[in-house]
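One file, work_27.cif, carrying mmCIF, C-alpha atoms:
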```cif
data_target
#
loop_
_atom_site.group_PDB
_atom_site.id
_atom_site.type_symbol
_atom_site.label_atom_id
_atom_site.label_comp_id
_atom_site.auth_asym_id
_atom_site.auth_seq_id
_atom_site.Cartn_x
_atom_site.Cartn_y
_atom_site.Cartn_z
ATOM 1 C CA MET A 27 -108.841 66.913 -45.795
ATOM 2 C CA GLY A 28 -108.460 63.329 -47.012
ATOM 3 C CA ILE A 29 -110.025 60.209 -45.538
ATOM 4 C CA LEU A 30 -106.616 58.999 -44.273
ATOM 5 C CA GLU A 31 -105.542 62.330 -42.781
ATOM 6 C CA GLY A 32 -103.122 61.752 -39.910
ATOM 7 C CA LYS A 33 -102.903 57.990 -40.416
ATOM 8 C CA ASN A 34 -99.708 55.963 -40.743
ATOM 9 C CA ILE A 35 -99.845 53.111 -43.228
ATOM 10 C CA LEU A 36 -97.407 50.324 -44.110
ATOM 11 C CA VAL A 37 -97.720 49.150 -47.708
ATOM 12 C CA ALA A 38 -95.880 45.841 -47.923
ATOM 13 C CA GLY A 39 -95.035 44.683 -51.420
ATOM 14 C CA VAL A 40 -94.252 47.664 -53.658
ATOM 15 C CA THR A 41 -92.019 46.879 -56.624
ATOM 16 C CA MET A 42 -93.012 48.813 -59.751
ATOM 17 C CA ASN A 43 -95.449 51.565 -60.626
ATOM 18 C CA THR A 44 -97.577 48.770 -62.091
ATOM 19 C CA SER A 45 -97.858 47.218 -58.621
ATOM 20 C CA ILE A 46 -101.200 47.520 -56.870
ATOM 21 C CA GLY A 47 -99.225 48.469 -53.769
ATOM 22 C CA TYR A 48 -97.655 51.432 -55.540
ATOM 23 C CA ARG A 49 -101.038 52.807 -56.587
ATOM 24 C CA VAL A 50 -102.342 52.275 -53.056
ATOM 25 C CA ALA A 51 -99.370 54.195 -51.640
ATOM 26 C CA GLU A 52 -99.951 57.006 -54.117
ATOM 27 C CA LEU A 53 -103.657 57.336 -53.306
ATOM 28 C CA ALA A 54 -103.098 56.929 -49.565
ATOM 29 C CA GLN A 55 -100.673 59.862 -49.625
ATOM 30 C CA ALA A 56 -103.169 61.902 -51.615
ATOM 31 C CA GLU A 57 -105.734 61.173 -48.886
ATOM 32 C CA GLY A 58 -103.416 62.448 -46.152
ATOM 33 C CA ALA A 59 -101.594 59.329 -44.938
ATOM 34 C CA ARG A 60 -97.947 58.996 -44.029
ATOM 35 C CA VAL A 61 -96.807 55.902 -45.905
ATOM 36 C CA VAL A 62 -93.952 53.473 -45.341
ATOM 37 C CA VAL A 63 -93.267 50.840 -48.010
ATOM 38 C CA SER A 64 -91.351 47.574 -47.987
ATOM 39 C CA ASN A 65 -89.731 45.019 -50.248
ATOM 40 C CA PHE A 66 -86.654 42.809 -49.998
ATOM 41 C CA GLY A 67 -83.649 41.388 -51.789
ATOM 42 C CA ARG A 68 -82.893 42.377 -55.345
ATOM 43 C CA ALA A 69 -86.292 44.055 -55.704
ATOM 44 C CA MET A 70 -85.246 46.712 -53.172
ATOM 45 C CA SER A 71 -83.352 48.651 -55.837
ATOM 46 C CA LEU A 72 -86.406 48.692 -58.118
ATOM 47 C CA THR A 73 -88.599 49.886 -55.271
ATOM 48 C CA GLY A 74 -86.073 52.544 -54.283
ATOM 49 C CA ARG A 75 -86.143 54.002 -57.776
ATOM 50 C CA ILE A 76 -89.892 53.899 -58.282
ATOM 51 C CA ILE A 77 -90.853 55.520 -54.965
ATOM 52 C CA LYS A 78 -88.890 58.613 -55.970
ATOM 53 C CA ARG A 79 -91.992 59.412 -58.018
ATOM 54 C CA LEU A 80 -94.060 59.731 -54.845
ATOM 55 C CA ASP A 81 -94.302 63.040 -53.012
ATOM 56 C CA PRO A 82 -93.187 62.877 -50.314
ATOM 57 C CA GLN A 83 -90.890 59.937 -50.958
ATOM 58 C CA PRO A 84 -91.830 57.301 -48.374
ATOM 59 C CA PRO A 85 -89.300 55.430 -46.241
ATOM 60 C CA LEU A 86 -88.340 52.014 -47.624
ATOM 61 C CA LEU A 87 -87.804 49.073 -45.275
ATOM 62 C CA GLU A 88 -86.412 45.664 -46.130
ATOM 63 C CA LEU A 89 -88.947 43.020 -45.220
ATOM 64 C CA ASP A 90 -88.866 39.388 -46.259
ATOM 65 C CA VAL A 91 -91.997 37.939 -44.643
ATOM 66 C CA SER A 92 -90.375 34.495 -44.539
ATOM 67 C CA ASN A 93 -87.458 35.876 -42.489
ATOM 68 C CA ASP A 94 -88.098 35.675 -38.741
ATOM 69 C CA GLU A 95 -85.415 38.264 -37.978
ATOM 70 C CA HIS A 96 -86.995 40.773 -40.356
ATOM 71 C CA LEU A 97 -90.379 40.274 -38.677
ATOM 72 C CA ALA A 98 -88.964 40.434 -35.152
ATOM 73 C CA SER A 99 -87.306 43.787 -35.819
ATOM 74 C CA LEU A 100 -90.088 45.284 -37.905
ATOM 75 C CA ALA A 101 -91.898 47.229 -35.165
ATOM 76 C CA GLU A 102 -88.622 48.802 -34.020
ATOM 77 C CA ARG A 103 -87.632 49.742 -37.567
ATOM 78 C CA LEU A 104 -91.084 51.161 -38.298
ATOM 79 C CA GLY A 105 -90.802 53.117 -35.068
ATOM 80 C CA GLU A 106 -87.911 55.063 -36.548
ATOM 81 C CA HIS A 107 -90.375 56.642 -38.980
ATOM 82 C CA VAL A 108 -93.797 56.607 -37.261
ATOM 83 C CA ASP A 109 -94.906 56.652 -33.651
ATOM 84 C CA HIS A 110 -97.867 54.347 -34.289
ATOM 85 C CA LEU A 111 -99.466 52.394 -37.117
ATOM 86 C CA ASP A 112 -103.061 52.695 -38.287
ATOM 87 C CA GLY A 113 -103.054 50.278 -41.180
ATOM 88 C CA ILE A 114 -101.259 47.555 -43.126
ATOM 89 C CA VAL A 115 -101.609 46.716 -46.798
ATOM 90 C CA HIS A 116 -100.584 43.134 -47.545
ATOM 91 C CA SER A 117 -99.694 43.096 -51.244
ATOM 92 C CA ILE A 118 -97.471 40.023 -51.114
ATOM 93 C CA ALA A 119 -97.664 36.654 -52.863
ATOM 94 C CA PHE A 120 -95.337 34.111 -54.414
ATOM 95 C CA ALA A 121 -95.510 30.699 -56.071
ATOM 96 C CA ASN A 122 -92.828 29.081 -58.204
ATOM 97 C CA PRO A 123 -94.091 29.617 -61.771
ATOM 98 C CA GLU A 124 -92.289 26.511 -63.025
ATOM 99 C CA THR A 125 -93.736 24.031 -60.546
ATOM 100 C CA ALA A 126 -96.736 25.555 -58.781
ATOM 101 C CA LEU A 127 -98.488 27.419 -61.611
ATOM 102 C CA GLY A 128 -99.466 26.838 -65.210
ATOM 103 C CA GLY A 129 -101.006 23.372 -64.956
ATOM 104 C CA ALA A 130 -98.440 21.546 -62.819
ATOM 105 C CA PHE A 131 -100.855 21.275 -59.890
ATOM 106 C CA LEU A 132 -100.819 17.490 -59.530
ATOM 107 C CA SER A 133 -97.027 17.181 -59.421
ATOM 108 C CA THR A 134 -95.983 20.221 -57.366
ATOM 109 C CA PRO A 135 -93.606 19.227 -54.535
ATOM 110 C CA PHE A 136 -94.656 20.228 -51.047
ATOM 111 C CA SER A 137 -91.543 22.330 -50.605
ATOM 112 C CA ASP A 138 -92.905 24.716 -53.251
ATOM 113 C CA VAL A 139 -96.452 24.464 -51.892
ATOM 114 C CA GLY A 140 -95.168 25.326 -48.428
ATOM 115 C CA THR A 141 -93.312 28.363 -49.715
ATOM 116 C CA SER A 142 -96.401 29.626 -51.511
ATOM 117 C CA LEU A 143 -98.578 29.155 -48.441
ATOM 118 C CA GLN A 144 -96.086 30.860 -46.123
ATOM 119 C CA VAL A 145 -95.447 33.887 -48.335
ATOM 120 C CA SER A 146 -98.947 34.322 -49.742
ATOM 121 C CA ALA A 147 -101.175 33.403 -46.789
ATOM 122 C CA TYR A 148 -99.439 32.856 -43.454
ATOM 123 C CA SER A 149 -97.619 36.156 -43.877
ATOM 124 C CA LEU A 150 -100.904 38.036 -43.454
ATOM 125 C CA VAL A 151 -100.897 36.813 -39.866
ATOM 126 C CA SER A 152 -97.155 37.028 -39.198
ATOM 127 C CA LEU A 153 -96.956 40.544 -40.649
ATOM 128 C CA THR A 154 -99.956 41.721 -38.647
ATOM 129 C CA MET A 155 -98.550 40.334 -35.409
ATOM 130 C CA ALA A 156 -95.143 41.880 -36.117
ATOM 131 C CA CYS A 157 -96.819 45.293 -36.483
ATOM 132 C CA LYS A 158 -99.309 44.878 -33.636
ATOM 133 C CA PRO A 159 -97.139 46.597 -30.980
ATOM 134 C CA LEU A 160 -97.603 49.847 -32.939
ATOM 135 C CA PHE A 161 -101.401 49.627 -33.211
ATOM 136 C CA GLY A 162 -103.525 52.094 -31.278
ATOM 137 C CA ASP A 163 -107.166 51.656 -30.296
ATOM 138 C CA THR A 164 -108.052 50.745 -33.879
ATOM 139 C CA ALA A 165 -106.222 49.480 -36.945
ATOM 140 C CA SER A 166 -107.092 48.169 -40.377
ATOM 141 C CA VAL A 167 -105.409 45.275 -42.182
ATOM 142 C CA VAL A 168 -106.174 44.964 -45.893
ATOM 143 C CA GLY A 169 -104.968 42.155 -48.131
ATOM 144 C CA LEU A 170 -105.341 41.463 -51.836
ATOM 145 C CA THR A 171 -106.749 38.309 -53.366
ATOM 146 C CA PHE A 172 -107.988 36.860 -56.636
ATOM 147 C CA ASP A 173 -111.306 35.311 -55.593
ATOM 148 C CA ALA A 174 -110.308 31.778 -54.606
ATOM 149 C CA ARG A 175 -113.785 30.392 -54.004
ATOM 150 C CA THR A 176 -113.480 28.722 -57.400
ATOM 151 C CA SER A 177 -110.631 27.218 -59.422
ATOM 152 C CA TRP A 178 -109.015 29.217 -62.217
ATOM 153 C CA PRO A 179 -107.016 28.076 -65.263
ATOM 154 C CA ALA A 180 -103.273 27.903 -64.491
ATOM 155 C CA TYR A 181 -103.625 29.516 -61.037
ATOM 156 C CA ASP A 182 -103.111 26.186 -59.289
ATOM 157 C CA TRP A 183 -101.308 26.403 -55.929
ATOM 158 C CA MET A 184 -101.551 30.179 -55.872
ATOM 159 C CA GLY A 185 -105.306 29.671 -55.921
ATOM 160 C CA VAL A 186 -104.989 27.339 -52.935
ATOM 161 C CA SER A 187 -102.765 29.886 -51.207
ATOM 162 C CA LYS A 188 -105.267 32.664 -51.846
ATOM 163 C CA ALA A 189 -108.020 30.462 -50.398
ATOM 164 C CA ALA A 190 -105.856 30.106 -47.307
ATOM 165 C CA LEU A 191 -105.319 33.879 -47.277
ATOM 166 C CA GLU A 192 -109.064 34.464 -47.376
ATOM 167 C CA SER A 193 -109.600 32.101 -44.463
ATOM 168 C CA ALA A 194 -106.691 33.604 -42.520
ATOM 169 C CA SER A 195 -108.227 37.060 -42.881
ATOM 170 C CA ARG A 196 -111.477 35.820 -41.355
ATOM 171 C CA TYR A 197 -109.611 34.331 -38.400
ATOM 172 C CA LEU A 198 -107.657 37.549 -37.911
ATOM 173 C CA ALA A 199 -110.993 39.338 -37.839
ATOM 174 C CA ARG A 200 -112.228 36.910 -35.192
ATOM 175 C CA TYR A 201 -109.216 37.038 -32.904
ATOM 176 C CA LEU A 202 -108.184 40.691 -33.240
ATOM 177 C CA GLY A 203 -111.597 42.289 -33.543
ATOM 178 C CA PRO A 204 -111.943 42.634 -29.745
ATOM 179 C CA GLU A 205 -108.759 44.732 -29.847
ATOM 180 C CA GLY A 206 -110.154 47.086 -32.492
ATOM 181 C CA VAL A 207 -108.341 45.541 -35.457
ATOM 182 C CA ARG A 208 -110.281 45.030 -38.683
ATOM 183 C CA SER A 209 -109.132 42.533 -41.327
ATOM 184 C CA ASN A 210 -110.540 42.641 -44.846
ATOM 185 C CA LEU A 211 -109.575 41.661 -48.380
ATOM 186 C CA VAL A 212 -110.066 43.191 -51.802
ATOM 187 C CA ALA A 213 -110.663 40.658 -54.557
ATOM 188 C CA ALA A 214 -109.502 42.331 -57.741
ATOM 189 C CA GLY A 215 -109.996 41.242 -61.300
ATOM 190 C CA PRO A 216 -106.913 40.481 -63.422
ATOM 191 C CA LEU A 217 -104.494 43.411 -63.553
ATOM 192 C CA GLU A 218 -101.323 43.858 -65.581
ATOM 193 C CA THR A 219 -98.895 43.514 -62.707
ATOM 194 C CA ILE A 220 -95.577 41.701 -62.373
ATOM 195 C CA ALA A 221 -97.373 39.012 -60.398
ATOM 196 C CA LYS A 222 -99.829 38.348 -63.215
ATOM 197 C CA LYS A 223 -97.096 38.194 -65.825
ATOM 198 C CA ALA A 224 -95.435 35.417 -63.826
ATOM 199 C CA ILE A 225 -98.483 33.154 -64.248
ATOM 200 C CA PRO A 226 -98.269 30.998 -67.415
ATOM 201 C CA GLY A 227 -101.427 31.458 -69.472
ATOM 202 C CA ALA A 228 -102.789 34.309 -67.359
ATOM 203 C CA GLU A 229 -103.664 36.340 -70.462
ATOM 204 C CA SER A 230 -106.717 34.099 -70.795
ATOM 205 C CA PHE A 231 -108.170 35.917 -67.774
ATOM 206 C CA ASN A 232 -108.426 39.091 -69.845
ATOM 207 C CA ASP A 233 -110.632 37.295 -72.369
ATOM 208 C CA ILE A 234 -112.880 35.967 -69.605
ATOM 209 C CA TRP A 235 -113.321 39.420 -68.057
ATOM 210 C CA ALA A 236 -113.798 41.143 -71.418
ATOM 211 C CA GLU A 237 -116.669 38.805 -72.184
ATOM 212 C CA ARG A 238 -118.373 38.477 -68.812
ATOM 213 C CA ALA A 239 -117.770 41.489 -66.516
ATOM 214 C CA PRO A 240 -121.058 43.493 -66.449
ATOM 215 C CA LEU A 241 -119.267 46.803 -65.846
ATOM 216 C CA GLY A 242 -116.435 45.975 -68.213
ATOM 217 C CA TRP A 243 -112.847 45.652 -67.051
ATOM 218 C CA ASP A 244 -109.614 47.461 -67.845
ATOM 219 C CA PRO A 245 -106.667 45.273 -66.733
ATOM 220 C CA ARG A 246 -104.340 48.292 -66.916
ATOM 221 C CA ASP A 247 -106.345 50.443 -64.505
ATOM 222 C CA LEU A 248 -105.163 49.916 -60.919
ATOM 223 C CA THR A 249 -107.176 52.804 -59.499
ATOM 224 C CA PRO A 250 -110.504 51.067 -58.707
ATOM 225 C CA THR A 251 -108.706 48.382 -56.717
ATOM 226 C CA ALA A 252 -106.479 50.892 -54.929
ATOM 227 C CA LYS A 253 -109.479 53.065 -54.050
ATOM 228 C CA ALA A 254 -111.180 50.097 -52.388
ATOM 229 C CA VAL A 255 -108.052 49.391 -50.334
ATOM 230 C CA VAL A 256 -107.792 53.029 -49.248
ATOM 231 C CA ALA A 257 -111.469 53.082 -48.306
ATOM 232 C CA LEU A 258 -111.025 50.003 -46.107
ATOM 233 C CA LEU A 259 -107.996 51.611 -44.449
ATOM 234 C CA SER A 260 -110.110 54.640 -43.573
ATOM 235 C CA ASP A 261 -112.679 55.146 -40.825
ATOM 236 C CA TRP A 262 -115.518 54.833 -43.340
ATOM 237 C CA PHE A 263 -115.839 51.065 -42.683
ATOM 238 C CA PRO A 264 -115.737 51.040 -38.863
ATOM 239 C CA ALA A 265 -117.933 47.939 -38.444
ATOM 240 C CA THR A 266 -116.709 45.869 -41.396
ATOM 241 C CA THR A 267 -114.293 43.015 -40.815
ATOM 242 C CA GLY A 268 -113.756 39.508 -42.147
ATOM 243 C CA GLU A 269 -115.093 40.739 -45.487
ATOM 244 C CA MET A 270 -113.938 40.288 -49.078
ATOM 245 C CA ILE A 271 -114.826 43.250 -51.294
ATOM 246 C CA HIS A 272 -114.950 42.467 -55.015
ATOM 247 C CA VAL A 273 -113.473 44.987 -57.423
ATOM 248 C CA ASP A 274 -113.797 42.955 -60.591
ATOM 249 C CA GLY A 275 -116.339 44.709 -62.787
ATOM 250 C CA GLY A 276 -119.017 42.457 -61.304
ATOM 251 C CA LEU A 277 -117.799 39.198 -62.816
ATOM 252 C CA HIS A 278 -118.098 37.370 -59.486
ATOM 253 C CA SER A 279 -121.866 37.897 -59.617
ATOM 254 C CA THR A 280 -122.391 36.246 -63.009
ATOM 255 C CA GLY A 281 -122.863 32.644 -64.034
ATOM 256 C CA ALA A 282 -121.905 31.072 -67.336
#
```

Render the structure in this file as structure tokens.
Amino acid sequence: MGILEGKNILVAGVTMNTSIGYRVAELAQAEGARVVVSNFGRAMSLTGRIIKRLDPQPPLLELDVSNDEHLASLAERLGEHVDHLDGIVHSIAFANPETALGGAFLSTPFSDVGTSLQVSAYSLVSLTMACKPLFGDTASVVGLTFDARTSWPAYDWMGVSKAALESASRYLARYLGPEGVRSNLVAAGPLETIAKKAIPGAESFNDIWAERAPLGWDPRDLTPTAKAVVALLSDWFPATTGEMIHVDGGLHSTGA
């Protein structure tokens, strides 16, 4: 019997088998969960193909977190597949790589900043509230971040957006805790995902982690991060909320 036995989980943001969300969905199923996944637009076809590798193949919903109609209908569409929801995985982020990443920080137009903040941070709240009608006595919301307490080379407005995400998670914990909803984040080290490849100069992160992570770090291994997400979705962290769990080989704990 797995630690998610009988639970229904939405994993938002599954594109490829190199996505953290995909590995989370895979492990969540192995631990007994019924999983629903989402993506939108042209990426839907990629997601549809890749989830055929999962057993059972999870339902796929179209969800653009910047689309009010998608959010307004989400609970009803989820209800076609599950009668309640125990957890949400927020594996969603976007910033224009040409203007908001790679060193263009000082000249990024607000239109691109606003998009990054809406998709990468505000959506944690809007997605949670869209799903809230399906929550029971307890629920767990888990998001993914790249520790935004400091600045990183080339990360720029995505770093600002992740800082906003981290703050938003704490406020979700404050406001929804009395209703039994936990909100936590997993701060992963650099992983070879589509999102990372979109960041100009992100390969430099691998050198930083190779040199400084006390436990070492394999940027191709999604499992440690996915295991942390699954653990937070389970009942094994019943009194933990507003937290950011580091899965980064310990680099966050080191100085120069």

- Query: Expanded to explicit residues, what is the PyMOL selection byres ((chain A and resi 159) around 10) for this file, as JSON, numbers by chain?
  - Reply: {"A": [100, 101, 102, 105, 110, 111, 154, 155, 156, 157, 158, 160, 161, 162]}

- Message: Could you list, as a list in words, every residue within 10 Å of Glu269 in chain A, counting all atoms listed in the file and ignoring same-chain residues fewer than 4 positions away?
- Response: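 Contacts, with the query itself left out: Val168, Glu192, Ser195, Arg196, Ala199, Arg208, Ser209, Asn210, Leu211 and Val212 of chain A.
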
- Message: Let me make sure I understand: among A:Ala224, A:Ala214, A:Val139, A:Ile77, which one has the smallest atom-to-atom distance to Pro245 in chain A if we use only C-alpha atoms?
- Response: A:Ala214

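Between Pro204 in chain A and the residues A:Asn122, A:Ser230, A:Ser187, A:Thr164, the shortest atom-to-atom distance, using only C-alpha atoms, involves A:Thr164.
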
- Message: Quick check, in Å to one decimal: how far apart do CA of Thr44 in chain A and CA of Glu218 in chain A lie?
- Response: 7.1 Å

- Which is closest to Gly67 in chain A among A:His278, A:Arg200, A:His272, A:His96, if we use all atoms listed in the file? A:His96

- Message: Please list as a PyMOL selection string every residue within 12 Å of Trp178 in chain A, counting all atoms listed in the file and excluding residues in the same chain fewer than 2 positions away.
- Response: chain A and resi 127-129+131+172-176+180-186+188-189+216+225+227-228+230-231+234

- Query: Within 8 Å of Ser92 in chain A, counting all atoms listed in the file, which residues qualify if same-chain residues fewer than 3 places away don't, as a PyMOL selection string?
  - Reply: chain A and resi 144-145+149

- Query: Which is closest to Leu191 in chain A among A:Ile118, A:Ala221, A:Met27, A:Leu132, if we use all atoms listed in the file?
  - Reply: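 Of all the options, A:Ile118 lies closest to Leu191 in chain A.
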
Run the PyMOL selection byres ((chain A and resi 166) around 9) on the file and write out the hits as a tab-separated table (two decimals) with C-alpha atoms, in the coordinates of the input.
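File produced: result02.tsv:
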```tsv
chain	number	residue	atom	x	y	z
A	112	ASP	CA	-103.06	52.70	-38.29
A	113	GLY	CA	-103.05	50.28	-41.18
A	114	ILE	CA	-101.26	47.56	-43.13
A	115	VAL	CA	-101.61	46.72	-46.80
A	164	THR	CA	-108.05	50.74	-33.88
A	165	ALA	CA	-106.22	49.48	-36.94
A	167	VAL	CA	-105.41	45.28	-42.18
A	168	VAL	CA	-106.17	44.96	-45.89
A	206	GLY	CA	-110.15	47.09	-32.49
A	207	VAL	CA	-108.34	45.54	-35.46
A	208	ARG	CA	-110.28	45.03	-38.68
A	209	SER	CA	-109.13	42.53	-41.33
A	210	ASN	CA	-110.54	42.64	-44.85
A	258	LEU	CA	-111.02	50.00	-46.11
A	259	LEU	CA	-108.00	51.61	-44.45
A	260	SER	CA	-110.11	54.64	-43.57
A	261	ASP	CA	-112.68	55.15	-40.83
A	267	THR	CA	-114.29	43.02	-40.82
```

- Message: I'd like the interatomic distance between CA of Phe136 in chain A and CA of Val151 in chain A, to a tenth of an Å.
- Response: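 A separation of 21.0 Å between them.
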
- Evaluating the PyMOL selection byres ((chain A and resi 58-60) around 12) on the displayed file yields which residues, as an MDAnalysis selection string? chainID A and resid 27:37 50:57 61:63 80:85 104 107:114 256 259:260
